[in-house]
$ cat run-v7.cif   # mmCIF, C-alpha atoms and all ligand atoms
data_data
loop_
_atom_site.group_PDB
_atom_site.id
_atom_site.type_symbol
_atom_site.label_atom_id
_atom_site.label_comp_id
_atom_site.auth_asym_id
_atom_site.auth_seq_id
_atom_site.Cartn_x
_atom_site.Cartn_y
_atom_site.Cartn_z
ATOM 1 C CA MET V 10 -129.402 -47.474 75.432
ATOM 2 C CA SER V 11 -127.254 -49.509 77.806
ATOM 3 C CA ARG V 12 -127.281 -52.857 75.921
ATOM 4 C CA VAL V 13 -127.297 -53.638 72.202
ATOM 5 C CA HIS V 14 -127.434 -56.822 70.146
ATOM 6 C CA LEU V 15 -125.382 -56.781 66.899
ATOM 7 C CA HIS V 16 -125.456 -59.861 64.664
ATOM 8 C CA ASP V 17 -124.640 -62.704 67.065
ATOM 9 C CA LEU V 18 -123.158 -60.670 69.932
ATOM 10 C CA ASP V 19 -124.358 -58.613 72.904
ATOM 11 C CA PHE V 20 -122.682 -55.403 74.019
ATOM 12 C CA GLU V 21 -123.060 -53.149 77.068
ATOM 13 C CA LEU V 22 -122.327 -49.444 77.431
ATOM 14 C CA PHE V 23 -118.747 -49.068 78.627
ATOM 15 C CA ILE V 24 -117.766 -45.418 78.030
ATOM 16 C CA PRO V 25 -120.556 -42.832 77.720
ATOM 17 C CA GLU V 26 -120.530 -40.272 74.917
ATOM 18 C CA ALA V 27 -119.693 -37.362 77.244
ATOM 19 C CA GLU V 28 -116.538 -39.141 78.418
ATOM 20 C CA VAL V 29 -115.515 -39.906 74.848
ATOM 21 C CA ASN V 30 -115.968 -36.238 73.939
ATOM 22 C CA GLU V 31 -113.869 -35.098 76.907
ATOM 23 C CA ALA V 32 -111.079 -37.442 75.876
ATOM 24 C CA VAL V 33 -111.197 -36.207 72.262
ATOM 25 C CA ALA V 34 -111.055 -32.605 73.515
ATOM 26 C CA ARG V 35 -107.881 -33.448 75.490
ATOM 27 C CA VAL V 36 -106.201 -34.791 72.342
ATOM 28 C CA ALA V 37 -107.349 -31.718 70.377
ATOM 29 C CA ALA V 38 -105.775 -29.471 73.017
ATOM 30 C CA GLU V 39 -102.450 -31.363 72.677
ATOM 31 C CA LEU V 40 -102.508 -31.038 68.889
ATOM 32 C CA ASN V 41 -103.469 -27.347 68.986
ATOM 33 C CA VAL V 42 -100.239 -26.677 70.860
ATOM 34 C CA LYS V 43 -97.977 -29.128 69.024
ATOM 35 C CA TYR V 44 -98.905 -28.122 65.474
ATOM 36 C CA VAL V 45 -99.502 -24.399 65.741
ATOM 37 C CA GLY V 46 -98.080 -22.714 62.594
ATOM 38 C CA LYS V 47 -97.323 -26.090 60.924
ATOM 39 C CA ARG V 48 -100.490 -26.733 58.898
ATOM 40 C CA PRO V 49 -100.479 -30.524 59.508
ATOM 41 C CA LEU V 50 -102.130 -33.012 57.176
ATOM 42 C CA PHE V 51 -104.426 -35.397 59.041
ATOM 43 C CA VAL V 52 -104.829 -38.808 57.445
ATOM 44 C CA GLY V 53 -107.901 -40.651 58.709
ATOM 45 C CA VAL V 54 -107.852 -44.429 58.326
ATOM 46 C CA LEU V 55 -111.249 -45.578 57.024
ATOM 47 C CA ASN V 56 -113.765 -46.800 57.821
ATOM 48 C CA GLY V 57 -113.534 -46.531 61.587
ATOM 49 C CA SER V 58 -111.796 -43.165 62.014
ATOM 50 C CA PHE V 59 -114.550 -41.017 60.477
ATOM 51 C CA PHE V 60 -116.123 -40.389 63.877
ATOM 52 C CA PHE V 61 -112.865 -39.523 65.682
ATOM 53 C CA ALA V 62 -111.737 -37.397 62.725
ATOM 54 C CA ALA V 63 -114.926 -35.313 62.784
ATOM 55 C CA GLU V 64 -115.037 -34.900 66.570
ATOM 56 C CA LEU V 65 -111.335 -34.068 66.705
ATOM 57 C CA LEU V 66 -111.205 -31.630 63.802
ATOM 58 C CA LYS V 67 -114.090 -29.517 65.000
ATOM 59 C CA ARG V 68 -112.071 -28.921 68.178
ATOM 60 C CA LEU V 69 -108.887 -27.876 66.361
ATOM 61 C CA THR V 70 -108.129 -24.177 66.137
ATOM 62 C CA ILE V 71 -104.948 -24.532 64.049
ATOM 63 C CA GLU V 72 -104.782 -24.413 60.246
ATOM 64 C CA CYS V 73 -104.951 -28.003 59.029
ATOM 65 C CA GLU V 74 -105.973 -30.298 56.179
ATOM 66 C CA ILE V 75 -107.551 -33.736 56.218
ATOM 67 C CA THR V 76 -107.665 -36.653 53.830
ATOM 68 C CA PHE V 77 -108.683 -40.285 54.220
ATOM 69 C CA VAL V 78 -107.126 -43.589 53.317
ATOM 70 C CA LYS V 79 -108.458 -47.113 53.295
ATOM 71 C CA VAL V 80 -106.703 -50.319 54.327
ATOM 72 C CA ALA V 81 -108.124 -53.743 55.121
ATOM 73 C CA SER V 82 -106.927 -55.641 58.158
ATOM 74 C CA TYR V 83 -109.728 -56.916 60.317
ATOM 75 C CA HIS V 84 -112.347 -59.646 60.145
ATOM 76 C CA GLY V 85 -114.631 -60.653 63.014
ATOM 77 C CA THR V 86 -113.572 -60.023 66.599
ATOM 78 C CA SER V 87 -109.846 -60.724 66.502
ATOM 79 C CA SER V 88 -107.170 -58.946 64.496
ATOM 80 C CA THR V 89 -105.698 -60.894 61.556
ATOM 81 C CA GLY V 90 -102.693 -58.604 61.241
ATOM 82 C CA LYS V 91 -103.064 -58.619 57.450
ATOM 83 C CA VAL V 92 -102.827 -55.196 55.859
ATOM 84 C CA THR V 93 -103.121 -54.433 52.172
ATOM 85 C CA ASP V 94 -101.701 -51.343 50.502
ATOM 86 C CA LEU V 95 -103.117 -47.858 50.946
ATOM 87 C CA ILE V 96 -106.221 -47.392 48.810
ATOM 88 C CA GLY V 97 -107.208 -43.991 47.477
ATOM 89 C CA PHE V 98 -104.239 -42.082 48.860
ATOM 90 C CA ASN V 99 -102.884 -39.673 46.273
ATOM 91 C CA GLU V 100 -101.720 -36.807 48.475
ATOM 92 C CA ARG V 101 -98.273 -35.332 48.094
ATOM 93 C CA ILE V 102 -96.885 -35.538 51.637
ATOM 94 C CA GLU V 103 -93.216 -34.775 51.035
ATOM 95 C CA GLY V 104 -92.147 -32.221 53.649
ATOM 96 C CA ARG V 105 -95.551 -32.250 55.391
ATOM 97 C CA ASP V 106 -96.255 -32.875 59.063
ATOM 98 C CA VAL V 107 -98.590 -35.867 58.917
ATOM 99 C CA VAL V 108 -100.879 -37.032 61.737
ATOM 100 C CA ILE V 109 -102.484 -40.439 61.230
ATOM 101 C CA LEU V 110 -105.932 -40.783 62.787
ATOM 102 C CA GLU V 111 -107.064 -44.248 63.895
ATOM 103 C CA ASP V 112 -110.237 -45.451 65.578
ATOM 104 C CA ILE V 113 -108.333 -48.033 67.614
ATOM 105 C CA VAL V 114 -104.819 -49.391 67.924
ATOM 106 C CA ASP V 115 -105.018 -53.062 68.918
ATOM 107 C CA THR V 116 -101.985 -55.202 67.991
ATOM 108 C CA GLY V 117 -100.498 -52.161 66.230
ATOM 109 C CA ASN V 118 -99.865 -54.129 63.009
ATOM 110 C CA THR V 119 -102.056 -51.848 60.917
ATOM 111 C CA ILE V 120 -100.547 -48.605 62.134
ATOM 112 C CA VAL V 121 -96.961 -49.820 61.723
ATOM 113 C CA HIS V 122 -97.698 -50.894 58.169
ATOM 114 C CA ILE V 123 -99.290 -47.525 57.375
ATOM 115 C CA LEU V 124 -96.279 -45.725 58.873
ATOM 116 C CA ASP V 125 -93.950 -47.778 56.656
ATOM 117 C CA LEU V 126 -95.957 -46.954 53.541
ATOM 118 C CA LEU V 127 -96.144 -43.228 54.334
ATOM 119 C CA ARG V 128 -92.472 -42.987 55.284
ATOM 120 C CA ASP V 129 -91.568 -43.913 51.692
ATOM 121 C CA ARG V 130 -93.207 -40.622 50.636
ATOM 122 C CA HIS V 131 -90.823 -38.539 52.798
ATOM 123 C CA PRO V 132 -93.049 -36.523 55.150
ATOM 124 C CA ALA V 133 -91.303 -33.988 57.427
ATOM 125 C CA SER V 134 -92.775 -35.802 60.441
ATOM 126 C CA MET V 135 -95.359 -38.444 61.281
ATOM 127 C CA SER V 136 -97.350 -38.961 64.435
ATOM 128 C CA ILE V 137 -100.312 -41.075 65.453
ATOM 129 C CA ALA V 138 -103.530 -40.046 67.182
ATOM 130 C CA THR V 139 -106.067 -42.692 68.125
ATOM 131 C CA LEU V 140 -109.441 -42.669 69.801
ATOM 132 C CA LEU V 141 -108.812 -46.000 71.573
ATOM 133 C CA PHE V 142 -105.673 -47.929 72.484
ATOM 134 C CA LYS V 143 -105.455 -51.474 73.867
ATOM 135 C CA PRO V 144 -102.049 -51.499 75.616
ATOM 136 C CA ASP V 145 -102.378 -55.191 76.592
ATOM 137 C CA ALA V 146 -102.859 -56.232 72.948
ATOM 138 C CA TYR V 147 -100.147 -53.952 71.529
ATOM 139 C CA LYS V 148 -97.212 -55.861 69.993
ATOM 140 C CA GLN V 149 -95.221 -53.077 68.360
ATOM 141 C CA GLN V 150 -92.429 -50.748 69.550
ATOM 142 C CA VAL V 151 -93.665 -47.523 67.921
ATOM 143 C CA THR V 152 -94.928 -44.949 70.414
ATOM 144 C CA ILE V 153 -98.596 -44.005 69.981
ATOM 145 C CA ASP V 154 -98.234 -40.239 70.382
ATOM 146 C CA HIS V 155 -101.794 -39.161 71.173
ATOM 147 C CA VAL V 156 -104.253 -41.542 72.837
ATOM 148 C CA ALA V 157 -107.757 -40.402 73.778
ATOM 149 C CA ILE V 158 -108.761 -43.489 75.822
ATOM 150 C CA ARG V 159 -106.857 -46.607 76.939
ATOM 151 C CA ILE V 160 -109.082 -49.687 77.220
ATOM 152 C CA PRO V 161 -108.637 -53.315 78.294
ATOM 153 C CA ASN V 162 -108.254 -56.055 75.698
ATOM 154 C CA ASP V 163 -112.011 -56.474 75.061
ATOM 155 C CA PHE V 164 -113.840 -56.222 71.760
ATOM 156 C CA VAL V 165 -115.706 -52.888 71.523
ATOM 157 C CA VAL V 166 -118.042 -51.099 69.117
ATOM 158 C CA GLY V 167 -119.484 -47.601 68.790
ATOM 159 C CA SER V 168 -118.077 -44.164 67.920
ATOM 160 C CA GLY V 169 -117.009 -45.444 64.503
ATOM 161 C CA LEU V 170 -116.037 -48.998 65.522
ATOM 162 C CA ASP V 171 -118.028 -51.920 64.190
ATOM 163 C CA HIS V 172 -118.805 -55.596 64.507
ATOM 164 C CA ASN V 173 -119.050 -56.840 60.927
ATOM 165 C CA GLY V 174 -120.454 -53.529 59.737
ATOM 166 C CA LEU V 175 -122.821 -52.800 62.622
ATOM 167 C CA GLY V 176 -122.464 -50.473 65.600
ATOM 168 C CA ARG V 177 -120.447 -47.614 64.088
ATOM 169 C CA ASN V 178 -123.343 -45.212 64.686
ATOM 170 C CA LEU V 179 -123.608 -45.856 68.436
ATOM 171 C CA PRO V 180 -122.619 -42.859 70.553
ATOM 172 C CA GLY V 181 -120.169 -43.851 73.278
ATOM 173 C CA ILE V 182 -118.225 -47.117 73.430
ATOM 174 C CA TYR V 183 -119.886 -50.518 73.968
ATOM 175 C CA ARG V 184 -118.040 -53.584 75.278
ATOM 176 C CA ILE V 185 -118.771 -57.184 74.343
ATOM 177 C CA ILE V 186 -120.640 -59.224 76.958
ATOM 178 C CA PRO V 187 -119.026 -62.682 76.999
ATOM 179 C CA ASN V 188 -121.595 -65.496 76.741
HETATM 180 P P1 LIG V 201 -104.519 -53.705 64.762
HETATM 181 O O1 LIG V 201 -103.819 -53.837 63.425
HETATM 182 O O2 LIG V 201 -104.538 -55.019 65.492
HETATM 183 O O3 LIG V 201 -103.960 -52.594 65.621
HETATM 184 O O4 LIG V 201 -106.038 -53.410 64.476
HETATM 185 C C1 LIG V 201 -106.446 -52.240 63.937
HETATM 186 C C2 LIG V 201 -107.838 -52.341 63.344
HETATM 187 O O5 LIG V 201 -108.573 -53.473 63.836
HETATM 188 C C3 LIG V 201 -108.633 -51.136 63.764
HETATM 189 O O6 LIG V 201 -108.465 -50.060 62.871
HETATM 190 C C4 LIG V 201 -110.057 -51.667 63.787
HETATM 191 O O7 LIG V 201 -110.628 -51.559 62.508
HETATM 192 C C5 LIG V 201 -109.906 -53.123 64.136
HETATM 193 N N1 LIG V 201 -110.168 -53.397 65.578
HETATM 194 C C6 LIG V 201 -109.268 -53.706 66.533
HETATM 195 N N2 LIG V 201 -109.857 -53.893 67.739
HETATM 196 C C7 LIG V 201 -111.190 -53.680 67.534
HETATM 197 C C8 LIG V 201 -112.338 -53.694 68.411
HETATM 198 O O8 LIG V 201 -112.280 -53.933 69.629
HETATM 199 N N3 LIG V 201 -113.531 -53.416 67.825
HETATM 200 C C9 LIG V 201 -113.678 -53.138 66.493
HETATM 201 N N4 LIG V 201 -112.620 -53.094 65.654
HETATM 202 C C10 LIG V 201 -111.382 -53.371 66.157
#
$ encode --input "run-v7.cif" --output "structure tokens" --more "lines below"
Ligand code: IMP
Amino acid sequence: MSRVHLHDLDFELFIPEAEVNEAVARVAAELNVKYVGKRPLFVGVLNGSFFFAAELLKRLTIECEITFVKVASYHGTSSTGKVTDLIGFNERIEGRDVVILEDIVDTGNTIVHILDLLRDRHPASMSIATLLFKPDAYKQQVTIDHVAIRIPNDFVVGSGLDHNGLGRNLPGIYRIIPN
């Protein structure tokens, strides 16, 4: 499928599934080295990170744990920057090496807010791994430690990312076709 119509918008295939998988495997290889012997706790940010979390974790050979957290920050095709508190996060992370898993880092507002909230719980370390990163949209100073794929500042869906609830199931990454 090279074009899809979701709600009011059209999208075209931008990054095929095989390329996404290669990029995820590269990040897994980095993490397998960095966290060997540390038993990191991965924290997937729902809903979008479920795909990246699954593809990444099946490529990890280290001992690790995973949990998920929910925040709300995004409506329509542009980021609002509003983030509510962490929902459903009851893990004890004091002294743990925590790796936050995101589907996409856009302005960076969400990830910085999550970092602030987790820091209050005194982890031993925190790092960020994301499937997609939009460097041209990024407004924060925090380094994004592990990036699978850098993309231009276009709205995308697929591989866990949605347009108002649709498109998360699409393999690969689809880019909006401007009308
Ligand atoms: P940020 O706070 O601007 O970095 O946005 C983070 C959240 O916005 C992500 O976790 C996504 O849910 C959503 N988002 C940002 N860009 C896109 C996109 O191109 N497609 C779908 N969702 C996006």
$ closest_residue --input "run-v7.cif" --among "V:Ile102, V:Leu55, V:Ala63, V:Leu126" --to "ligand LIG 201 (chain V)" --atoms "only C-alpha atoms and all ligand atoms"
V:Leu55
$ closest_atom_pairs --input "run-v7.cif" --of "region 17-83 of chain V" --to "region 135-157 of chain V" --cutoff "12 Å" --atoms "all atoms listed in the file" --output "tab-separated table"
residue	atom	partner	partner_atom	distance
V:Ile24	CA	V:Leu141	CA	11.1
V:Glu28	CA	V:Ala157	CA	10.0
V:Val29	CA	V:Ala157	CA	7.8
V:Asn30	CA	V:Ala157	CA	9.2
V:Glu31	CA	V:Ala157	CA	8.7
V:Ala32	CA	V:Ala157	CA	4.9
V:Val33	CA	V:Ala157	CA	5.6
V:Ala34	CA	V:Ala157	CA	8.5
V:Arg35	CA	V:Ala157	CA	7.2
V:Val36	CA	V:Ala157	CA	6.0
V:Ala37	CA	V:His155	CA	9.3
V:Ala38	CA	V:His155	CA	10.6
V:Glu39	CA	V:His155	CA	8.0
V:Leu40	CA	V:His155	CA	8.5
V:Lys43	CA	V:Ser136	CA	10.9
V:Tyr44	CA	V:Ser136	CA	11.0
V:Pro49	CA	V:Met135	CA	9.6
V:Leu50	CA	V:Met135	CA	9.6
V:Phe51	CA	V:Ala138	CA	9.4
V:Val52	CA	V:Ile137	CA	9.5
V:Gly53	CA	V:Ala138	CA	9.6
V:Val54	CA	V:Thr139	CA	10.1
V:Gly57	CA	V:Leu140	CA	10.0
V:Ser58	CA	V:Leu140	CA	8.2
V:Phe59	CA	V:Leu140	CA	10.8
V:Phe60	CA	V:Leu140	CA	9.2
V:Phe61	CA	V:Leu140	CA	6.2
V:Ala62	CA	V:Leu140	CA	9.1
V:Ala63	CA	V:Leu140	CA	11.6
V:Glu64	CA	V:Leu140	CA	10.1
V:Leu65	CA	V:Leu140	CA	9.3
V:Leu66	CA	V:Ala138	CA	11.9
$ resolve_selection --input "run-v7.cif" --expression "the PyMOL selection byres (((chain V and resi 131) around 7) and not hetatm)" --output "ChimeraX atom specification"
/V:102-104,128-130,132-133
$ residues_around --input "run-v7.cif" --residues "Ser134 (chain V)" --least-positions-apart "5" --cutoff "8 Å" --atoms "all atoms listed in the file" --output "list of chain:residue names"
V:Gly104, V:Arg105, V:Asp106, V:Val107
$ closest_residue --input "run-v7.cif" --among "V:Asn118, V:Asp17, V:His172, V:Asn162" --to "Asn188 (chain V)" --atoms "only C-alpha atoms"
V:Asp17
$ closest_residue --input "run-v7.cif" --among "V:Ile186, V:Val108, V:Ile120, V:Val42" --to "Val80 (chain V)" --atoms "all atoms listed in the file"
V:Ile120
$ closest_residue --input "run-v7.cif" --among "V:Asn56, V:Thr119, V:Asn41, V:Asn178" --to "ligand LIG 201 (chain V)" --atoms "all atoms listed in the file"
V:Thr119
$ resolve_selection --input "run-v7.cif" --expression "the PyMOL selection byres (((chain V and resi 18) around 12) and not hetatm)" --output "PyMOL selection string"
chain V and resi 12-17+19-21+85-86+164-166+171-173+175-176+183-188
$ residues_around --input "run-v7.cif" --residues "Glu72 (chain V)" --least-positions-apart "4" --cutoff "8 Å" --atoms "only C-alpha atoms" --output "mmCIF file with C-alpha atoms, keeping the file's coordinate frame"
data_model
loop_
_atom_site.group_PDB
_atom_site.id
_atom_site.type_symbol
_atom_site.label_atom_id
_atom_site.label_comp_id
_atom_site.auth_asym_id
_atom_site.auth_seq_id
_atom_site.Cartn_x
_atom_site.Cartn_y
_atom_site.Cartn_z
ATOM 1 C CA VAL V 45 -99.502 -24.399 65.741
ATOM 2 C CA GLY V 46 -98.080 -22.714 62.594
ATOM 3 C CA LYS V 47 -97.323 -26.090 60.924
ATOM 4 C CA ARG V 48 -100.490 -26.733 58.898
ATOM 5 C CA PRO V 49 -100.479 -30.524 59.508
#
$ atom_distance --input "run-v7.cif" --atom1 "CA of Asp112 (chain V)" --atom2 "CA of Pro180 (chain V)"
13.6 Å
$ atom_distance --input "run-v7.cif" --atom1 "atom N1 of ligand LIG 201 (chain V)" --atom2 "CA of Leu124 (chain V)"
17.2 Å
$ axis_aligned_box --input "run-v7.cif" --around "region 131-142 of chain V" --padding-each-side "5 Å" --output "lines of an AutoDock Vina configuration file"
center_x = -100.1
center_y = -41.0
center_z = 62.6
size_x = 28.6
size_y = 23.9
size_z = 29.7
$ closest_residue --input "run-v7.cif" --among "V:Asp163, V:Asp94, V:Glu26, V:Glu74" --to "ligand LIG 201 (chain V)" --atoms "only C-alpha atoms and all ligand atoms"
V:Asp163
$ atom_distance --input "run-v7.cif" --atom1 "CA of Asp125 (chain V)" --atom2 "CA of Leu170 (chain V)"
23.8 Å
$ closest_residue --input "run-v7.cif" --among "V:Leu127, V:Leu179, V:Gly169, V:Ser11" --to "ligand LIG 201 (chain V)" --atoms "only C-alpha atoms and all ligand atoms"
V:Gly169
$ resolve_selection --input "run-v7.cif" --expression "the PyMOL selection byres (((chain V and resi 78) around 6) and not hetatm)" --output "PyMOL selection string"
chain V and resi 54-55+77+79+96-98
$ build_atoms --input "run-v7.cif" --residues "region 110-122 of chain V" --atoms "N, CA, C and O atoms" --output "PDB file, in the frame of the given file"
ATOM      1  N   LEU V 110    -104.807 -40.646  61.847  1.00  0.00           N
ATOM      2  CA  LEU V 110    -105.932 -40.783  62.787  1.00  0.00           C
ATOM      3  C   LEU V 110    -106.510 -42.185  62.704  1.00  0.00           C
ATOM      4  O   LEU V 110    -106.952 -42.624  61.644  1.00  0.00           O
ATOM      5  N   GLU V 111    -106.522 -42.881  63.828  1.00  0.00           N
ATOM      6  CA  GLU V 111    -107.064 -44.248  63.895  1.00  0.00           C
ATOM      7  C   GLU V 111    -108.252 -44.291  64.854  1.00  0.00           C
ATOM      8  O   GLU V 111    -108.313 -43.511  65.813  1.00  0.00           O
ATOM      9  N   ASP V 112    -109.172 -45.226  64.615  1.00  0.00           N
ATOM     10  CA  ASP V 112    -110.237 -45.451  65.578  1.00  0.00           C
ATOM     11  C   ASP V 112    -109.699 -46.203  66.793  1.00  0.00           C
ATOM     12  O   ASP V 112    -110.005 -45.890  67.933  1.00  0.00           O
ATOM     13  N   ILE V 113    -108.870 -47.218  66.518  1.00  0.00           N
ATOM     14  CA  ILE V 113    -108.333 -48.033  67.614  1.00  0.00           C
ATOM     15  C   ILE V 113    -106.991 -48.624  67.200  1.00  0.00           C
ATOM     16  O   ILE V 113    -106.806 -48.995  66.039  1.00  0.00           O
ATOM     17  N   VAL V 114    -106.062 -48.650  68.133  1.00  0.00           N
ATOM     18  CA  VAL V 114    -104.819 -49.391  67.924  1.00  0.00           C
ATOM     19  C   VAL V 114    -104.887 -50.606  68.837  1.00  0.00           C
ATOM     20  O   VAL V 114    -104.976 -50.485  70.066  1.00  0.00           O
ATOM     21  N   ASP V 115    -104.861 -51.787  68.209  1.00  0.00           N
ATOM     22  CA  ASP V 115    -105.018 -53.062  68.918  1.00  0.00           C
ATOM     23  C   ASP V 115    -103.631 -53.719  68.961  1.00  0.00           C
ATOM     24  O   ASP V 115    -102.813 -53.390  69.816  1.00  0.00           O
ATOM     25  N   THR V 116    -103.336 -54.619  68.021  1.00  0.00           N
ATOM     26  CA  THR V 116    -101.985 -55.202  67.991  1.00  0.00           C
ATOM     27  C   THR V 116    -100.958 -54.181  67.522  1.00  0.00           C
ATOM     28  O   THR V 116     -99.759 -54.328  67.790  1.00  0.00           O
ATOM     29  N   GLY V 117    -101.414 -53.166  66.784  1.00  0.00           N
ATOM     30  CA  GLY V 117    -100.498 -52.161  66.230  1.00  0.00           C
ATOM     31  C   GLY V 117    -100.000 -52.524  64.835  1.00  0.00           C
ATOM     32  O   GLY V 117     -99.308 -51.726  64.197  1.00  0.00           O
ATOM     33  N   ASN V 118    -100.356 -53.703  64.330  1.00  0.00           N
ATOM     34  CA  ASN V 118     -99.865 -54.129  63.009  1.00  0.00           C
ATOM     35  C   ASN V 118    -100.297 -53.168  61.911  1.00  0.00           C
ATOM     36  O   ASN V 118     -99.513 -52.825  61.025  1.00  0.00           O
ATOM     37  N   THR V 119    -101.544 -52.743  61.957  1.00  0.00           N
ATOM     38  CA  THR V 119    -102.056 -51.848  60.917  1.00  0.00           C
ATOM     39  C   THR V 119    -101.290 -50.530  60.916  1.00  0.00           C
ATOM     40  O   THR V 119    -100.820 -50.074  59.868  1.00  0.00           O
ATOM     41  N   ILE V 120    -101.155 -49.936  62.068  1.00  0.00           N
ATOM     42  CA  ILE V 120    -100.547 -48.605  62.134  1.00  0.00           C
ATOM     43  C   ILE V 120     -99.081 -48.650  61.717  1.00  0.00           C
ATOM     44  O   ILE V 120     -98.591 -47.759  61.008  1.00  0.00           O
ATOM     45  N   VAL V 121     -98.374 -49.708  62.096  1.00  0.00           N
ATOM     46  CA  VAL V 121     -96.961 -49.820  61.723  1.00  0.00           C
ATOM     47  C   VAL V 121     -96.827 -49.970  60.212  1.00  0.00           C
ATOM     48  O   VAL V 121     -95.943 -49.372  59.586  1.00  0.00           O
ATOM     49  N   HIS V 122     -97.734 -50.727  59.623  1.00  0.00           N
ATOM     50  CA  HIS V 122     -97.698 -50.894  58.169  1.00  0.00           C
ATOM     51  C   HIS V 122     -97.993 -49.569  57.461  1.00  0.00           C
ATOM     52  O   HIS V 122     -97.329 -49.217  56.488  1.00  0.00           O
TER      53      HIS V 122
END
